[in-house]
Structure formats: C-alpha cells, structure tokens
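Take a look at the structure below.
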Amino acid sequence: MLTLNTDITKISRVGVAAAKRLKKLGIETAEDLLFYFPFRYDDFSRLTPISELRPGASANIVGRIELIQNKRSPRKRMYITESLVSDDTGEVKAVWFNQPFIARNLRVGDKVSLAGKAEDDYGGIVMMSPVYEKLDLTPALSFARRGSINAVHTQGLVPNYHLTANITQKQIRFLIKQIIGLARSAKDWLPKEISHAVKLLNLGDAIAKIHFPKTTADIDRARERLAFNELFLIQLQSQLIRRDVLQSVSAKVAFKEEETKKFVDSLPFKLTGAQRKAAWEILRDMEKDKPMSRLLEGDVGSGKTVVAVIAMLNAALNNKQSVLMVPTEILARQHYDTVCRLLENFDVKVGLVTRSHKKISKSQIPPAARPWLRPASAGKRAAGQAMTKQ
C-alpha cells in the first residue's frame, strides 16, 4: 500500500535508473513527488477540428489513425515516423523523428489525441512531433462528446515540470497521476480557523488542483493556498527568531554622549531630523542587554552611512568591534575611505577586508591633542545636542 513515505522505487514503472534521475530533482518519496509542482501549463482545453488547424497555432485534435509507417532518412540517417490522422472534418499528417516505437504503439484504426503546433508544409498542414495519447473510443462517438475524454497529456490544462536528463513530462505526469489520491492524506497543518477566515482550499485539494486543474480558476486557487503556506511559514519563522532574540542576552553598549556630540559637530554638514531620530533610536537599543534587530531604510544619498558610523563609533568607544558589510569590493573600498574620513579626528582603527585587500588604518592623533581637532560652531553644537535628546 502506497503512503506519503513510500520510496519512489516502489511506485510502478520507477526502476533504479529512473530513481537516480528523480533524485536529482529532489524526489525520493511519494510525498516529494506530490510536492513537485508544475511551473506552467499548456492550454489544450479546446478540441480543434482538423479543418480549423492553422499554421503556427498550438492545438489539440482527436482523430483516427488512417496510415502510419516508419522510414529512414538517407541524408540525416534518422527514423521518420509519418501518420495520417482524420476526423469528421478532414485529415492531417503527423510526423515524429527518431521515435520508431510510435509505429508499434499506434496502429491503423486507433483513436488518438494529439497536441502540438501545426505547421505549414508545402501548402499543407502538418503536426511536427506532437504529444500523443491512445484513446479508447467507440466508433459512434461524436466530435462534440470528445471533450469528456480523460486524457492527461494532450487535453485540458496540461502541467509542465522542470526536468532532468532522460526524464520526460509524460513520465512525471504518469507518476503523479498514480499517487494523486495520496494528496488527501497530506497533513494540513494550517489551523482551520485561518483557512476559513481567508477562504483557502484545504491542502489536499490544493495539491490535486495544482497538478491536474480543470480550469484556470483551479490553478489560481491552488497557487493562492500554496503561496499562503510559504508566506505563513516565513512569518512564523520570523516570529520564532524574534522570540529567541528577545530571550537572549547581549553586551550593553553605553551611549557616549560627549564624544557623539563632538563627532556630530565635526561633520561638514548638519544632520537631518530623520538622521538624528534614527541614530538616537539605534543608540538607545544598543544600551539594552537584548540584541538589536533593525532595518535602516532610505534612498541613495539620504545619509544611512553616517547613521551607521555613529553607532560604530559608540561601539569602538566601548572597546568593541563593529562590521559594515557590503556586496562588492568597490563599495567596500568606498565605505572604507568614507569611514576613515569621518573618523579622522578619532583614535579609532578602521579596517578593510576583501578578497584582494586587507589593511587597517589607525588615527595618528596623539593623546594630548584629543579629543578633537576642529572646534564646533554654535549651529553644529546645537545640532549635536538636539540629536541626543530623548
């Protein structure tokens, strides 16, 4: 009996070789297969009469095999399988390359469903390498009733999956079709009150509809539920991390009011109200015995770096280290030069560490010349005092 924990090799038509290929896709159990979702769909929801086929358009037809044969191409040394398929409205030629087994699978008189692109071939319509399915139809079945055929690969909304070498879309669909009933046994961990409140599908229905939808509305509702799962888990994880952070203890970084005022006074510009507010909130957090977690957001040139330097300066004045991480070496060197320039009047070491550069710059200010070289103007002194107000 198949369960969600069943090894993929226990599913029909999955041998050792196929199992190794599926493992490359992260599929080792039936549950992995169920949660391997399609990334797009081919829309073959409308059956097209052969007489209405148009070059360049993808279509699905249902017809009868009138002729099928293999022949060998003398120039390219490949097998060519040609078939003539008819319905009540006309005939069309279907061609496959290097798939001689198709002539053994399909026989004259078989009813087939073909899906693919129609092309113009010297004034006639031909379907090149269409996907095919043999259908069990009675001769009296009319074209209007063929929409009820339960075809997986050629009719309706056909799912497409990311593949690896020697694994086909047909194989993936066939395997999922075998175990789709297990979707009902997937544990729905989302509380029912939440599902009802936001009108979501249950997990089993969402899995079934994402693989074999009947309408585009099924796809939308399934994606909505599965996307909600991902966002819900991300938010839940964030809350758990936040809880753990609040329970942990960190070293306090005392606010050095006098030195911070003098740093602000030494700047060649006046801090904005937003910069003062952001810096003050960060400094207050650093005084606590709980780790700080903040996002400092601002446009390019809004002064985020100077706010960070104020916090880094207070860390250095408390005999602690701070790290400013950036994504590129060029930006790292630019920030290194900026921080060195901003802290040139402070006896603080500033280091640069990249893949190709490692250096440390130390202020050469003698102790007697401290604390700062440049006197503060009255306006700048007032700005520094304003920043430290609660």
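Starting from 1 in every chain, residues are counted up; chains themselves are A, B, ... following the order of the structure tokens, and ligands are numbered from 1 as listed.
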Please provide as JSON, numbers by chain all residues within 9 Å of segment 213-222 of chain A, with the sequence filter that same-chain residues fewer than 2 positions apart are discarded (counting only C-alpha atoms).
{"A": [45, 156, 157, 158, 159, 200, 201, 203, 205, 206, 207, 208, 209, 210, 211, 224, 225, 226, 227]}
Deliver the residues from the most recent selection as a file, using N, CA and C atoms, as a short mmCIF file (atom, residue, chain, number, x, y, z; two decimals), in the first residue's frame.
```
data_model
loop_
_atom_site.label_atom_id
_atom_site.label_comp_id
_atom_site.auth_asym_id
_atom_site.auth_seq_id
_atom_site.Cartn_x
_atom_site.Cartn_y
_atom_site.Cartn_z
N SER A 45 -7.49 23.03 -23.68
CA SER A 45 -8.84 22.83 -23.16
C SER A 45 -9.90 22.83 -24.25
N GLY A 156 -7.12 19.51 -22.05
CA GLY A 156 -7.31 20.31 -20.86
C GLY A 156 -6.09 21.18 -20.58
N LEU A 157 -5.88 21.49 -19.32
CA LEU A 157 -4.72 22.26 -18.88
C LEU A 157 -3.63 21.26 -18.49
N VAL A 158 -2.60 21.17 -19.31
CA VAL A 158 -1.57 20.14 -19.15
C VAL A 158 -0.38 20.72 -18.40
N PRO A 159 -0.02 20.17 -17.23
CA PRO A 159 1.08 20.72 -16.44
C PRO A 159 2.44 20.41 -17.05
N LEU A 200 -9.46 29.73 2.02
CA LEU A 200 -8.46 28.96 1.30
C LEU A 200 -8.91 27.52 1.12
N LEU A 201 -8.41 26.89 0.07
CA LEU A 201 -8.63 25.45 -0.11
C LEU A 201 -7.89 24.68 0.97
N LEU A 203 -5.34 21.67 2.04
CA LEU A 203 -4.06 21.35 1.39
C LEU A 203 -4.21 20.24 0.36
N ASP A 205 -6.83 19.36 -1.51
CA ASP A 205 -7.46 19.86 -2.73
C ASP A 205 -6.50 20.75 -3.52
N ALA A 206 -5.71 21.55 -2.81
CA ALA A 206 -4.77 22.44 -3.50
C ALA A 206 -3.72 21.64 -4.26
N ILE A 207 -3.22 20.57 -3.66
CA ILE A 207 -2.22 19.74 -4.33
C ILE A 207 -2.82 19.07 -5.57
N ALA A 208 -4.04 18.54 -5.43
CA ALA A 208 -4.69 17.88 -6.56
C ALA A 208 -4.94 18.86 -7.71
N LYS A 209 -5.38 20.06 -7.37
CA LYS A 209 -5.72 21.03 -8.42
C LYS A 209 -4.48 21.64 -9.06
N ILE A 210 -3.38 21.75 -8.33
CA ILE A 210 -2.18 22.34 -8.93
C ILE A 210 -1.58 21.40 -9.97
N HIS A 211 -1.76 20.09 -9.78
CA HIS A 211 -1.23 19.12 -10.73
C HIS A 211 -2.19 18.88 -11.90
N GLU A 224 -2.88 30.15 -4.70
CA GLU A 224 -3.15 31.02 -3.57
C GLU A 224 -2.91 30.29 -2.25
N ARG A 225 -3.40 29.05 -2.15
CA ARG A 225 -3.22 28.30 -0.91
C ARG A 225 -1.75 27.95 -0.69
N LEU A 226 -1.06 27.47 -1.73
CA LEU A 226 0.33 27.06 -1.58
C LEU A 226 1.23 28.27 -1.32
N ALA A 227 0.92 29.40 -1.94
CA ALA A 227 1.70 30.61 -1.68
C ALA A 227 1.47 31.10 -0.25
#
```
Just want the 12 Å neighbourhood of segment 297-304 of chain A, counted on only C-alpha atoms, with same-chain residues fewer than 6 positions away dropped. Output as an mmCIF file with C-alpha atoms, in the first residue's frame.
```
data_model
loop_
_atom_site.group_PDB
_atom_site.id
_atom_site.type_symbol
_atom_site.label_atom_id
_atom_site.label_comp_id
_atom_site.auth_asym_id
_atom_site.auth_seq_id
_atom_site.Cartn_x
_atom_site.Cartn_y
_atom_site.Cartn_z
ATOM 1 C CA PHE A 269 27.024 69.164 7.215
ATOM 2 C CA LYS A 270 24.048 69.307 9.544
ATOM 3 C CA LEU A 271 22.192 66.095 10.341
ATOM 4 C CA THR A 272 18.583 65.982 9.224
ATOM 5 C CA GLY A 273 15.776 65.332 11.653
ATOM 6 C CA ALA A 274 15.331 61.815 10.256
ATOM 7 C CA GLN A 275 19.046 61.062 10.668
ATOM 8 C CA ARG A 276 19.044 62.290 14.279
ATOM 9 C CA LYS A 277 15.936 60.282 15.110
ATOM 10 C CA ALA A 278 17.249 57.069 13.508
ATOM 11 C CA ALA A 279 20.648 57.399 15.188
ATOM 12 C CA ILE A 310 27.569 56.984 14.734
ATOM 13 C CA ALA A 311 26.609 53.520 16.022
ATOM 14 C CA LEU A 324 29.897 47.131 7.921
ATOM 15 C CA HIS A 335 32.941 52.885 2.523
ATOM 16 C CA THR A 338 34.303 57.389 3.874
#
```
Using only C-alpha atoms, determine which residues lie at most 8 Å from Ile167 of chain A, disregarding the query and same-chain residues fewer than 2 positions distant; provide the list as an MDAnalysis selection string.
chainID A and resid 18 21:22 163:165 169 171:172
Any chance you could export the current selection's C-alpha atoms as a PDB file, in the first residue's frame?
```pdb
ATOM      1  CA  ALA A  18      14.777   6.422 -13.069  1.00  0.00           C
ATOM      2  CA  ARG A  21      17.341  10.734 -12.135  1.00  0.00           C
ATOM      3  CA  LEU A  22      14.375  11.710  -9.972  1.00  0.00           C
ATOM      4  CA  LEU A 163      13.100  18.114 -15.792  1.00  0.00           C
ATOM      5  CA  THR A 164      16.492  16.471 -15.732  1.00  0.00           C
ATOM      6  CA  ALA A 165      18.211  14.304 -18.362  1.00  0.00           C
ATOM      7  CA  GLN A 169       6.996  15.327 -18.988  1.00  0.00           C
ATOM      8  CA  GLN A 171       6.834  10.248 -17.071  1.00  0.00           C
ATOM      9  CA  ILE A 172       6.360  12.878 -14.384  1.00  0.00           C
TER      10      ILE A 172
END
```
Neighbouring residues of Lys23 of chain A were defined as those with any atom within 12 Å, considering only C-alpha atoms; residues of the same chain fewer than 2 positions away were excluded. Please report them as a list in words.
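The residues satisfying every condition are Asp7, Ile8, Thr9, Val14, Val16, Ala17, Ala18, Ala19, Lys20, Arg21, Leu25, Gly26, Ile27, Glu28, Thr29, Ala30, Asp32, Leu33, Tyr36, Leu163, Thr164, Ala165 and Ile167 of chain A.
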Run DSSP on the backbone and tell me which residues of segment 11-147 of chain A come out as helix (DSSP H, G or I); list them as a list in words.
Val16, Ala17, Ala18, Ala19, Lys20, Arg21, Leu22, Lys23, Lys24, Ala30, Glu31, Asp32, Leu33, Leu34, Ile50, Ser51, Glu52, Ile102, Ala103, Arg104, Asn105, Phe143, Ala144, Arg145, Arg146 and Gly147 of chain A
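Straight-line separation from atom CA of Lys199 of chain A to atom CA of Ala186 of chain A: 19.1 Å.
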Which residues are near segment 109-122 of chain A? Cut-off 9 Å, only C-alpha atoms, ignore same chain within fewer than 2 positions. Put them as number ranges by chain.
A: 44, 53-67, 85, 94, 106-107, 124-139, 151, 153-155
Residues within 9 Å of Pro100 of chain A, please, as a PyMOL selection string. Count only C-alpha atoms; anything in the same chain fewer than 3 positions from it doesn't count.
chain A and resi 69-71+79-81+96-97+103-104
Output of the above residues as a tab-separated table (two decimals), in the first residue's frame, restricted to N, CA and C atoms:
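After the write, again38.tsv holds the following:
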```tsv
chain	number	residue	atom	x	y	z
A	69	GLN	N	3.62	4.76	-40.62
A	69	GLN	CA	4.75	3.99	-41.11
A	69	GLN	C	6.06	4.67	-40.70
A	70	ASN	N	7.12	3.85	-40.62
A	70	ASN	CA	8.47	4.35	-40.39
A	70	ASN	C	9.23	4.35	-41.70
A	71	LYS	N	10.09	5.33	-41.86
A	71	LYS	CA	11.01	5.31	-42.99
A	71	LYS	C	12.33	5.91	-42.54
A	79	TYR	N	15.31	7.95	-38.20
A	79	TYR	CA	13.99	7.37	-38.47
A	79	TYR	C	12.96	8.48	-38.49
A	80	ILE	N	12.06	8.41	-39.43
A	80	ILE	CA	10.94	9.35	-39.52
A	80	ILE	C	9.65	8.53	-39.47
A	81	THR	N	8.81	8.85	-38.51
A	81	THR	CA	7.50	8.19	-38.39
A	81	THR	C	6.45	9.15	-38.91
A	96	TRP	N	6.99	12.34	-36.52
A	96	TRP	CA	7.88	12.24	-35.37
A	96	TRP	C	9.28	11.84	-35.87
A	97	PHE	N	10.32	12.29	-35.17
A	97	PHE	CA	11.69	12.00	-35.57
A	97	PHE	C	12.37	11.12	-34.53
A	103	ALA	N	5.34	3.77	-34.15
A	103	ALA	CA	4.63	2.96	-35.15
A	103	ALA	C	4.22	1.61	-34.59
A	104	ARG	N	4.85	1.19	-33.50
A	104	ARG	CA	4.46	-0.05	-32.83
A	104	ARG	C	3.36	0.20	-31.80
```
Atomic distance atom CA of Lys288 of chain A - atom CA of Val253 of chain A, expressed in Å with one decimal
7.5 Å
How many Å separate atom CA of Asn318 of chain A from atom CA of Ala251 of chain A?
10.4 Å
A:Ser293, A:Asn229, A:Asn345, A:Ser356 ranked by distance to Ile330 of chain A, top pick (using only C-alpha atoms)
A:Ser356
